[in-house]
>>> print(open('structure_31.cif').read())   # mmCIF, C-alpha atoms and all ligand atoms
data_start
#
loop_
_atom_site.label_atom_id
_atom_site.label_comp_id
_atom_site.auth_asym_id
_atom_site.auth_seq_id
_atom_site.Cartn_x
_atom_site.Cartn_y
_atom_site.Cartn_z
CA MET A 19 71.01 -59.79 233.10
CA ASP A 20 73.50 -58.34 235.53
CA ALA A 21 73.39 -60.21 238.89
CA GLY A 22 73.02 -56.95 240.86
CA LEU A 23 69.96 -55.88 238.86
CA LYS A 24 68.51 -59.35 239.26
CA ARG A 25 68.84 -59.12 243.05
CA GLU A 26 67.35 -55.64 243.01
CA LEU A 27 64.29 -56.75 241.01
CA GLU A 28 63.84 -59.82 243.14
CA ALA A 29 63.97 -57.71 246.32
CA LYS A 30 61.31 -55.35 244.90
CA VAL A 31 58.99 -58.22 244.03
CA TYR A 32 59.34 -59.90 247.43
CA ALA A 33 58.82 -56.55 249.19
CA GLY A 34 55.63 -56.02 247.16
CA GLU A 35 56.99 -52.83 245.55
CA ARG A 36 55.59 -51.53 242.30
CA LEU A 37 57.80 -52.18 239.27
CA THR A 38 58.70 -49.41 236.82
CA ARG A 39 58.80 -49.21 233.02
CA GLU A 40 62.58 -49.84 233.16
CA ASP A 41 62.03 -52.86 235.42
CA GLY A 42 59.53 -54.29 232.94
CA ILE A 43 61.93 -53.86 230.04
CA ALA A 44 64.73 -55.45 232.09
CA LEU A 45 62.52 -58.44 232.95
CA TYR A 46 61.74 -59.01 229.27
CA ALA A 47 65.51 -58.89 228.56
CA SER A 48 66.16 -61.75 230.99
CA ASP A 49 66.76 -65.23 229.56
CA ASP A 50 66.20 -66.85 232.93
CA LEU A 51 62.71 -68.21 232.41
CA THR A 52 62.72 -70.24 235.64
CA TRP A 53 63.59 -67.15 237.66
CA LEU A 54 60.85 -65.11 235.96
CA GLY A 55 58.38 -67.90 236.63
CA ARG A 56 59.38 -68.04 240.30
CA LEU A 57 58.84 -64.30 240.76
CA ALA A 58 55.50 -64.31 238.94
CA HIS A 59 54.38 -67.41 240.80
CA HIS A 60 55.15 -65.66 244.09
CA ARG A 61 52.93 -62.70 243.12
CA ARG A 62 50.22 -64.99 241.77
CA THR A 63 50.21 -67.16 244.88
CA GLU A 64 50.07 -64.16 247.21
CA ARG A 65 46.92 -62.99 245.40
CA ASN A 66 45.20 -66.21 244.40
CA GLY A 67 46.77 -69.08 246.34
CA ASP A 68 46.63 -72.39 244.48
CA ARG A 69 43.29 -71.59 242.86
CA VAL A 70 42.79 -71.72 239.11
CA MET A 71 39.54 -70.22 237.98
CA PHE A 72 37.63 -71.20 234.88
CA ASN A 73 34.14 -70.69 233.54
CA VAL A 74 31.86 -72.63 231.28
CA ASN A 75 31.07 -70.34 228.41
CA ARG A 76 30.27 -70.20 224.77
CA HIS A 77 31.73 -67.80 222.24
CA LEU A 78 29.22 -66.48 219.76
CA ASN A 79 30.09 -64.30 216.77
CA LEU A 80 26.89 -62.77 215.40
CA THR A 81 28.48 -61.60 212.15
CA ASN A 82 31.88 -61.80 210.47
CA VAL A 83 31.08 -58.90 208.15
CA CYS A 84 33.32 -55.98 209.05
CA SER A 85 33.93 -52.50 207.72
CA ALA A 86 37.53 -52.60 208.93
CA SER A 87 40.43 -54.70 207.67
CA CYS A 88 42.86 -55.07 210.56
CA ALA A 89 46.13 -56.49 209.28
CA TYR A 90 46.24 -59.45 211.68
CA CYS A 91 42.57 -60.46 211.32
CA SER A 92 41.59 -63.63 209.50
CA PHE A 93 37.97 -63.45 210.65
CA GLN A 94 36.50 -60.46 208.86
CA ARG A 95 34.66 -60.76 205.54
CA LYS A 96 33.30 -58.10 203.25
CA PRO A 97 29.60 -58.02 202.30
CA GLY A 98 28.90 -60.51 199.53
CA GLU A 99 31.97 -62.69 200.15
CA LYS A 100 31.23 -66.39 199.91
CA ASP A 101 31.53 -67.21 203.59
CA ALA A 102 30.29 -63.90 204.98
CA TYR A 103 27.45 -64.44 207.45
CA THR A 104 25.17 -62.52 209.76
CA MET A 105 22.91 -64.36 212.20
CA ARG A 106 19.27 -63.59 212.51
CA ILE A 107 18.30 -63.12 216.14
CA ASP A 108 16.46 -66.46 216.29
CA GLU A 109 19.55 -68.21 214.88
CA ALA A 110 21.76 -66.69 217.58
CA VAL A 111 19.30 -67.80 220.25
CA ARG A 112 19.11 -71.32 218.79
CA LYS A 113 22.91 -71.63 218.78
CA ALA A 114 23.14 -70.41 222.37
CA LYS A 115 20.40 -72.82 223.48
CA GLU A 116 22.38 -75.76 222.07
CA MET A 117 24.77 -75.35 225.03
CA GLU A 118 22.15 -75.47 227.76
CA ASP A 119 23.09 -79.02 228.73
CA GLU A 120 26.63 -77.88 229.51
CA GLN A 121 25.41 -75.70 232.39
CA LEU A 122 26.78 -72.72 230.59
CA THR A 123 27.22 -69.61 232.78
CA GLU A 124 28.40 -67.09 230.20
CA LEU A 125 28.00 -66.13 226.56
CA HIS A 126 30.97 -64.24 225.11
CA ILE A 127 29.86 -62.26 222.07
CA VAL A 128 32.14 -60.32 219.70
CA ASN A 129 31.46 -59.35 216.11
CA GLY A 130 32.62 -57.57 213.00
CA LEU A 131 31.68 -53.90 212.53
CA HIS A 132 28.78 -54.60 210.19
CA PRO A 133 28.24 -51.70 207.75
CA THR A 134 24.43 -51.91 207.50
CA LEU A 135 23.06 -53.76 210.56
CA PRO A 136 21.10 -51.17 212.54
CA TRP A 137 22.01 -50.32 216.13
CA ARG A 138 18.61 -51.67 217.30
CA TYR A 139 19.70 -55.20 216.38
CA TYR A 140 22.25 -55.32 219.20
CA PRO A 141 20.12 -54.58 222.31
CA LYS A 142 17.38 -56.72 220.76
CA VAL A 143 19.66 -59.74 220.39
CA LEU A 144 20.81 -59.34 224.02
CA ARG A 145 17.22 -59.09 225.25
CA GLU A 146 16.21 -62.27 223.41
CA LEU A 147 19.27 -64.19 224.51
CA LYS A 148 18.62 -63.17 228.10
CA ALA A 149 14.96 -64.18 227.83
CA ALA A 150 15.97 -67.59 226.41
CA LEU A 151 18.84 -68.18 228.87
CA PRO A 152 18.02 -66.10 231.96
CA LYS A 153 20.75 -67.65 234.13
CA VAL A 154 23.50 -67.00 231.59
CA ASN A 155 25.66 -63.86 231.91
CA LEU A 156 26.11 -61.90 228.72
CA LYS A 157 29.66 -60.66 228.17
CA ALA A 158 29.45 -58.85 224.88
CA PHE A 159 31.03 -56.30 222.55
CA THR A 160 34.48 -54.77 222.49
CA ALA A 161 35.08 -51.07 223.12
CA THR A 162 35.62 -50.90 219.34
CA GLU A 163 32.07 -52.13 218.78
CA VAL A 164 30.67 -49.66 221.30
CA GLN A 165 32.44 -46.86 219.45
CA TRP A 166 30.96 -48.26 216.20
CA PHE A 167 27.49 -48.18 217.79
CA GLU A 168 28.07 -44.49 218.58
CA LYS A 169 28.77 -43.92 214.90
CA ILE A 170 25.77 -45.84 213.53
CA SER A 171 23.26 -44.67 216.15
CA GLY A 172 24.29 -41.08 216.79
CA LEU A 173 24.00 -41.90 220.53
CA SER A 174 26.73 -41.40 223.13
CA ALA A 175 28.59 -44.37 224.64
CA ASP A 176 26.89 -43.43 227.90
CA ALA A 177 23.39 -43.94 226.41
CA ILE A 178 24.53 -47.04 224.52
CA LEU A 179 25.90 -48.73 227.63
CA ASP A 180 22.74 -47.87 229.56
CA GLU A 181 20.59 -49.48 226.89
CA LEU A 182 22.80 -52.56 226.57
CA MET A 183 22.89 -53.00 230.35
CA ASP A 184 19.13 -52.66 230.46
CA ALA A 185 18.95 -55.41 227.81
CA GLY A 186 21.07 -57.74 229.97
CA LEU A 187 24.72 -56.85 229.33
CA GLU A 188 26.85 -58.00 232.25
CA SER A 189 30.28 -57.03 230.96
CA LEU A 190 32.07 -55.71 227.90
CA THR A 191 34.76 -57.95 226.42
CA GLY A 192 38.42 -56.86 226.49
CA GLY A 193 39.10 -56.91 222.75
CA GLY A 194 40.11 -54.06 220.48
CA ALA A 195 43.09 -53.25 222.72
CA GLU A 196 45.75 -55.00 220.60
CA ILE A 197 48.86 -52.81 221.31
CA PHE A 198 48.08 -49.23 222.26
CA ASP A 199 51.40 -47.65 221.24
CA TRP A 200 50.74 -45.85 217.94
CA GLU A 201 54.17 -46.79 216.58
CA VAL A 202 52.89 -50.37 216.26
CA ARG A 203 49.14 -49.82 216.27
CA GLN A 204 49.08 -47.85 213.03
CA HIS A 205 50.43 -50.92 211.18
CA ILE A 206 48.01 -53.52 212.54
CA VAL A 207 44.72 -51.81 213.42
CA ASP A 208 42.27 -50.51 210.83
CA HIS A 209 39.32 -49.53 213.01
CA ALA A 210 39.05 -46.10 214.65
CA CYS A 211 39.12 -47.10 218.34
CA HIS A 212 42.51 -46.34 219.84
CA TRP A 213 43.69 -45.82 223.42
CA GLU A 214 41.72 -42.58 223.95
CA ASP A 215 38.39 -44.17 222.99
CA TRP A 216 39.15 -47.65 224.32
CA SER A 217 40.00 -46.22 227.75
CA ARG A 218 37.08 -43.74 227.62
CA ILE A 219 34.60 -46.58 227.05
CA HIS A 220 36.03 -48.90 229.72
CA ARG A 221 36.24 -45.98 232.18
CA LEU A 222 32.57 -45.26 231.52
CA ALA A 223 31.64 -48.94 231.95
CA HIS A 224 33.53 -49.02 235.26
CA ALA A 225 31.74 -45.86 236.42
CA LYS A 226 28.45 -47.69 235.80
CA GLY A 227 29.59 -50.50 238.09
CA MET A 228 30.62 -52.90 235.36
CA LYS A 229 33.77 -55.00 235.73
CA THR A 230 35.58 -55.59 232.45
CA PRO A 231 38.52 -57.62 231.14
CA SER A 232 41.63 -56.11 229.53
CA THR A 233 43.72 -57.69 226.78
CA MET A 234 46.93 -57.30 224.78
CA LEU A 235 47.73 -58.87 221.41
CA TYR A 236 51.44 -59.76 221.44
CA GLY A 237 53.96 -61.72 219.42
CA HIS A 238 53.70 -59.91 216.07
CA ILE A 239 55.63 -56.76 215.11
CA GLU A 240 55.76 -55.20 218.57
CA GLU A 241 58.79 -55.12 220.86
CA PRO A 242 58.85 -55.82 224.61
CA ARG A 243 58.85 -52.06 225.35
CA HIS A 244 55.47 -51.78 223.60
CA ARG A 245 54.08 -54.56 225.80
CA VAL A 246 55.39 -52.77 228.88
CA ASP A 247 53.84 -49.47 227.75
CA HIS A 248 50.53 -51.24 227.09
CA VAL A 249 50.37 -52.79 230.55
CA LEU A 250 51.38 -49.57 232.28
CA ARG A 251 48.55 -47.65 230.59
CA LEU A 252 46.11 -50.27 231.85
CA ARG A 253 47.69 -50.24 235.31
CA GLU A 254 47.23 -46.47 235.52
CA LEU A 255 43.58 -46.72 234.48
CA GLN A 256 43.11 -49.50 237.02
CA ASP A 257 44.52 -47.22 239.75
CA GLU A 258 41.81 -44.75 238.79
CA THR A 259 38.77 -47.04 238.38
CA GLY A 260 39.57 -50.48 239.84
CA GLY A 261 37.25 -51.88 237.17
CA PHE A 262 39.46 -54.45 235.43
CA GLN A 263 38.93 -58.00 236.64
CA VAL A 264 41.55 -59.68 234.55
CA PHE A 265 44.38 -59.19 232.07
CA ILE A 266 44.56 -61.54 229.08
CA PRO A 267 47.72 -61.63 226.95
CA LEU A 268 46.47 -62.88 223.57
CA ARG A 269 48.99 -64.58 221.34
CA TYR A 270 48.94 -63.31 217.77
CA GLN A 271 48.05 -66.16 215.38
CA HIS A 272 49.11 -66.81 211.80
CA ASP A 273 46.36 -67.76 209.40
CA PHE A 274 47.85 -71.09 208.31
CA VAL A 275 44.97 -72.58 206.41
CA ASP A 276 43.41 -70.70 203.56
CA SER A 277 39.78 -69.95 204.05
CA ALA A 278 37.02 -71.25 201.78
CA ASP A 279 37.92 -68.91 198.94
CA GLY A 280 41.65 -69.71 199.11
CA LYS A 281 42.60 -66.28 200.47
CA VAL A 282 44.87 -65.62 203.42
CA ARG A 283 43.55 -62.42 204.96
CA ASN A 284 46.25 -61.91 207.55
CA ARG A 285 48.56 -59.28 206.03
CA ILE A 286 51.38 -59.31 208.58
CA GLN A 287 52.37 -62.93 208.67
CA ALA A 288 55.02 -62.50 206.00
CA ARG A 289 56.70 -59.94 208.29
CA THR A 290 56.61 -61.84 211.54
CA THR A 291 56.64 -65.14 213.38
CA MET A 292 54.32 -66.12 216.23
CA ALA A 293 55.54 -65.93 219.83
CA SER A 294 57.27 -69.14 220.93
CA PRO A 295 55.98 -70.96 224.03
CA ALA A 296 58.92 -69.54 226.03
CA GLU A 297 58.07 -65.99 224.90
CA SER A 298 54.45 -66.55 225.89
CA LEU A 299 55.42 -67.79 229.35
CA LYS A 300 57.70 -64.78 229.75
CA THR A 301 54.85 -62.47 228.71
CA PHE A 302 52.50 -64.02 231.26
CA ALA A 303 55.14 -63.69 233.99
CA VAL A 304 56.13 -60.08 233.26
CA SER A 305 52.47 -59.09 232.90
CA ARG A 306 51.65 -60.58 236.32
CA LEU A 307 54.60 -58.74 237.88
CA LEU A 308 53.94 -55.36 236.27
CA PHE A 309 50.12 -55.28 236.36
CA ASP A 310 50.15 -55.52 240.14
CA ASN A 311 46.65 -54.12 240.67
CA VAL A 312 44.67 -56.46 238.42
CA PRO A 313 43.18 -59.42 240.33
CA HIS A 314 43.65 -62.12 237.67
CA VAL A 315 45.79 -63.06 234.67
CA LYS A 316 44.16 -65.34 232.16
CA CYS A 317 45.46 -67.80 229.60
CA PHE A 318 43.09 -68.25 226.68
CA TRP A 319 44.18 -71.79 225.91
CA VAL A 320 42.79 -71.83 222.36
CA MET A 321 45.64 -69.52 221.34
CA HIS A 322 48.42 -71.28 223.25
CA GLY A 323 47.73 -74.99 223.15
CA LEU A 324 46.99 -76.96 226.28
CA SER A 325 50.61 -77.69 227.26
CA VAL A 326 51.49 -73.99 227.44
CA ALA A 327 48.18 -73.32 229.19
CA GLN A 328 49.12 -75.83 231.88
CA LEU A 329 52.64 -74.41 232.27
CA SER A 330 51.32 -70.85 232.36
CA LEU A 331 49.81 -71.64 235.78
CA ASN A 332 53.38 -71.49 237.12
CA PHE A 333 54.05 -68.21 235.31
CA GLY A 334 51.48 -65.93 236.91
CA VAL A 335 48.26 -67.25 235.37
CA ASP A 336 45.35 -68.15 237.66
CA ASP A 337 42.46 -68.16 235.20
CA LEU A 338 41.76 -70.34 232.17
CA ASP A 339 39.18 -69.36 229.62
CA GLY A 340 36.54 -72.02 229.76
CA SER A 341 34.66 -74.52 227.69
CA VAL A 342 34.79 -72.78 224.39
CA VAL A 343 32.61 -74.51 221.89
CA GLU A 344 33.02 -72.08 219.08
CA TYR A 345 35.68 -69.42 218.64
CA LYS A 346 36.52 -67.73 215.40
CA ILE A 347 38.10 -64.28 215.58
CA THR A 348 41.77 -65.29 215.42
CA HIS A 349 41.28 -69.02 215.30
CA ASP A 350 39.84 -69.70 211.90
CA ALA A 351 42.50 -72.30 211.43
CA ASP A 352 45.00 -74.21 213.50
CA SER A 353 47.62 -76.67 212.44
CA TYR A 354 48.79 -77.46 215.99
CA GLY A 355 46.02 -79.90 216.78
CA THR A 356 44.72 -77.65 219.56
CA PRO A 357 41.05 -78.46 220.04
CA ASN A 358 38.66 -75.54 220.00
CA THR A 359 36.27 -77.30 222.34
CA MET A 360 36.86 -78.18 225.97
CA HIS A 361 34.38 -79.26 228.56
CA ARG A 362 34.31 -78.88 232.32
CA ASP A 363 35.87 -82.29 233.01
CA ASP A 364 38.74 -81.68 230.57
CA LEU A 365 39.55 -78.42 232.32
CA LEU A 366 39.39 -79.98 235.77
CA HIS A 367 41.93 -82.61 234.78
CA LEU A 368 44.15 -80.04 233.11
CA ILE A 369 44.24 -78.02 236.34
CA TRP A 370 44.60 -80.96 238.75
CA ASP A 371 47.40 -82.46 236.68
CA ALA A 372 49.31 -79.17 236.96
CA GLY A 373 49.01 -79.31 240.76
CA PHE A 374 46.37 -76.60 241.29
CA ARG A 375 42.85 -76.39 242.70
CA PRO A 376 40.08 -75.70 240.17
CA VAL A 377 37.39 -73.17 240.98
CA GLU A 378 34.51 -72.66 238.62
CA ARG A 379 33.48 -69.00 238.45
CA ASN A 380 30.90 -66.84 236.74
CA THR A 381 31.47 -63.65 234.71
CA ARG A 382 31.74 -61.57 237.92
CA TYR A 383 34.42 -63.93 239.25
CA GLU A 384 32.07 -65.20 241.93
CA THR A 385 32.61 -68.83 242.87
CA VAL A 386 30.13 -71.22 241.27
CA ARG A 387 31.79 -74.35 242.63
CA GLU A 388 35.07 -75.32 244.29
CA TYR A 389 36.68 -78.65 243.49
CA ASP A 390 38.94 -79.57 246.39
CA ALA A 391 39.92 -83.15 245.96
CA ALA A 392 41.64 -84.31 242.83
CA PRO A 393 40.80 -87.91 241.92
CA SER A 394 43.76 -90.19 242.53
CA MET A 395 46.26 -90.55 239.74
CA ALA A 396 45.35 -94.25 239.50
CA GLU A 397 41.70 -93.38 238.97
CA ARG A 398 42.58 -90.79 236.39
CA ARG A 399 44.89 -93.16 234.56
CA SER A 400 42.37 -96.01 234.42
CA GLU A 401 41.09 -94.47 231.21
CA PRO A 402 43.42 -94.00 228.24
CA GLN A 403 44.95 -90.54 228.53
CA GLN A 404 43.73 -87.85 226.21
CA VAL A 405 46.38 -86.61 223.80
CA TRP A 406 46.77 -82.87 224.19
CA ALA A 407 48.65 -80.52 221.95
S1 LIG A 501 39.80 -57.34 214.32
FE1 LIG A 501 37.63 -56.81 214.54
S2 LIG A 501 37.49 -54.71 213.73
FE2 LIG A 501 39.43 -55.55 212.98
S3 LIG A 501 38.93 -56.44 210.95
FE3 LIG A 501 38.75 -58.10 212.46
S4 LIG A 501 36.60 -58.16 213.02
FE4 LIG A 501 37.00 -56.16 212.05
#
>>> encode(input="structure_31.cif", output="structure tokens")
Amino acid sequence: MDAGLKRELEAKVYAGERLTREDGIALYASDDLTWLGRLAHHRRTERNGDRVMFNVNRHLNLTNVCSASCAYCSFQRKPGEKDAYTMRIDEAVRKAKEMEDEQLTELHIVNGLHPTLPWRYYPKVLRELKAALPKVNLKAFTATEVQWFEKISGLSADAILDELMDAGLESLTGGGAEIFDWEVRQHIVDHACHWEDWSRIHRLAHAKGMKTPSTMLYGHIEEPRHRVDHVLRLRELQDETGGFQVFIPLRYQHDFVDSADGKVRNRIQARTTMASPAESLKTFAVSRLLFDNVPHVKCFWVMHGLSVAQLSLNFGVDDLDGSVVEYKITHDADSYGTPNTMHRDDLLHLIWDAGFRPVERNTRYETVREYDAAPSMAERRSEPQQVWA
């Protein structure tokens, strides 16, 4: 990048000025990762100091049966396939209860678009989960699922959200966003929920007082300009509603290991690679700089590996997705050795070792507990060190 432009961008960031589409594209074109990290770290520190938030949650997928066949998805199964499953409500409750000892504060629930499950199933499952785990916040359903519920119930999203909130819904999840630009979206997304509906449903949720997350699936066939466009759409909606709590860049994953039937469902992996760690760090940094009105940027460590997760804290990230015990949507398989389970203590050490202060939060980003003092290095090294990917 031209030195003059670099100075200009740097001056804008330090003056707290809003960056433009062209600025975002220029930042992605820079090879100076350290410089990008420094700028993003400045913005992150201004907003969130040295805090790194995390929560203790469990991901629950009620069914992997889906009417859609998104090109990147290795999770969905068709009815009758060998490893297709749909949980009965009591099964879902039993699975959630297994985590009670972990002092779980949140259940994160996303599912396939099941062709025959009735709409009534969904509020009922929330009600029973809430009755079984009254202290646990329920973060459930993507905007895509809410649009699916409109289709199968004949109700409006307005009525659907009211009923789900009455049943205990605390927040929608941020999924279904992928990349909004149609140029890319038409090749990867098979469901019917695009920007118009995705934004309509989140806008409605925000109007009802709900705070929601926002996401972006990157590192497949999109270009940096599509990522910039994606973030700017969200930024504009955030100017209007203020309802997004967090932005989560999700790294597209190849489906390396064949599933039980030997099939590889991901249909774009022959056309693309996955984002490298450097590209991921750049994406975190540019996202933090561009999406200036979102409070938090999250790294979902399951998709990045723990080393990148730790480094991301110097590239704009201030939130780590918590103690995931089960996560399936894009993580059916992993050949990197990244665990798909972390517990509170593992996360604390990950954050302390990176030089930050861990803060446990709930779904609403309220502080559950602050952890000021890191144990001394000697104490931490008295046990053999865990090997992280
Ligand atoms: S991403 Fe979601 S909607 Fe698309 S095929 Fe997978 S489970 Fe279905």
>>> residues_near_ligand(input="structure_31.cif", ligand="ligand LIG 501 (chain A)", cutoff="9 Å", atoms="all atoms listed in the file", output="PDB file with C-alpha atoms, keeping the file's coordinate frame")
ATOM      1  CA  THR A  81      28.480 -61.600 212.150  1.00  0.00           C
ATOM      2  CA  ASN A  82      31.880 -61.800 210.470  1.00  0.00           C
ATOM      3  CA  VAL A  83      31.080 -58.900 208.150  1.00  0.00           C
ATOM      4  CA  CYS A  84      33.320 -55.980 209.050  1.00  0.00           C
ATOM      5  CA  SER A  85      33.930 -52.500 207.720  1.00  0.00           C
ATOM      6  CA  ALA A  86      37.530 -52.600 208.930  1.00  0.00           C
ATOM      7  CA  SER A  87      40.430 -54.700 207.670  1.00  0.00           C
ATOM      8  CA  CYS A  88      42.860 -55.070 210.560  1.00  0.00           C
ATOM      9  CA  ALA A  89      46.130 -56.490 209.280  1.00  0.00           C
ATOM     10  CA  TYR A  90      46.240 -59.450 211.680  1.00  0.00           C
ATOM     11  CA  CYS A  91      42.570 -60.460 211.320  1.00  0.00           C
ATOM     12  CA  SER A  92      41.590 -63.630 209.500  1.00  0.00           C
ATOM     13  CA  PHE A  93      37.970 -63.450 210.650  1.00  0.00           C
ATOM     14  CA  GLN A  94      36.500 -60.460 208.860  1.00  0.00           C
ATOM     15  CA  ARG A  95      34.660 -60.760 205.540  1.00  0.00           C
ATOM     16  CA  VAL A 128      32.140 -60.320 219.700  1.00  0.00           C
ATOM     17  CA  ASN A 129      31.460 -59.350 216.110  1.00  0.00           C
ATOM     18  CA  GLY A 130      32.620 -57.570 213.000  1.00  0.00           C
ATOM     19  CA  LEU A 131      31.680 -53.900 212.530  1.00  0.00           C
ATOM     20  CA  HIS A 132      28.780 -54.600 210.190  1.00  0.00           C
ATOM     21  CA  THR A 160      34.480 -54.770 222.490  1.00  0.00           C
ATOM     22  CA  THR A 162      35.620 -50.900 219.340  1.00  0.00           C
ATOM     23  CA  GLU A 163      32.070 -52.130 218.780  1.00  0.00           C
ATOM     24  CA  GLY A 193      39.100 -56.910 222.750  1.00  0.00           C
ATOM     25  CA  GLY A 194      40.110 -54.060 220.480  1.00  0.00           C
ATOM     26  CA  GLU A 196      45.750 -55.000 220.600  1.00  0.00           C
ATOM     27  CA  ILE A 206      48.010 -53.520 212.540  1.00  0.00           C
ATOM     28  CA  VAL A 207      44.720 -51.810 213.420  1.00  0.00           C
ATOM     29  CA  ASP A 208      42.270 -50.510 210.830  1.00  0.00           C
ATOM     30  CA  HIS A 209      39.320 -49.530 213.010  1.00  0.00           C
ATOM     31  CA  ALA A 210      39.050 -46.100 214.650  1.00  0.00           C
ATOM     32  CA  ILE A 347      38.100 -64.280 215.580  1.00  0.00           C
ATOM     33  CA  THR A 348      41.770 -65.290 215.420  1.00  0.00           C
TER      34      THR A 348
END
>>> closest_residue(input="structure_31.cif", among="A:Thr259, A:Thr230, A:Thr52, A:Thr290", to="A:Leu190", atoms="all atoms listed in the file")
A:Thr230
>>> residues_near_point(input="structure_31.cif", point="(27.2, -47.6, 228.7)", cutoff="12 Å", atoms="all atoms listed in the file", output="ChimeraX atom specification")
/A:141,159-161,163-165,167-168,173-190,218-228
>>> atom_distance(input="structure_31.cif", atom1="atom CA of A:Phe309", atom2="atom CA of A:Leu252")
7.8 Å
>>> closest_residue(input="structure_31.cif", among="A:Trp319, A:Asn66, A:His60, A:Trp370", to="A:Ala33", atoms="all atoms listed in the file")
A:His60
>>> atom_distance(input="structure_31.cif", atom1="atom CA of A:Gly34", atom2="atom CA of A:Pro231")
23.5 Å
>>> residues_around(input="structure_31.cif", residues="A:Ala58", least_positions_apart="5", cutoff="10 Å", atoms="all atoms listed in the file", output="number ranges by chain")
A: 31, 52-53, 63-64, 300, 302-308, 331-335
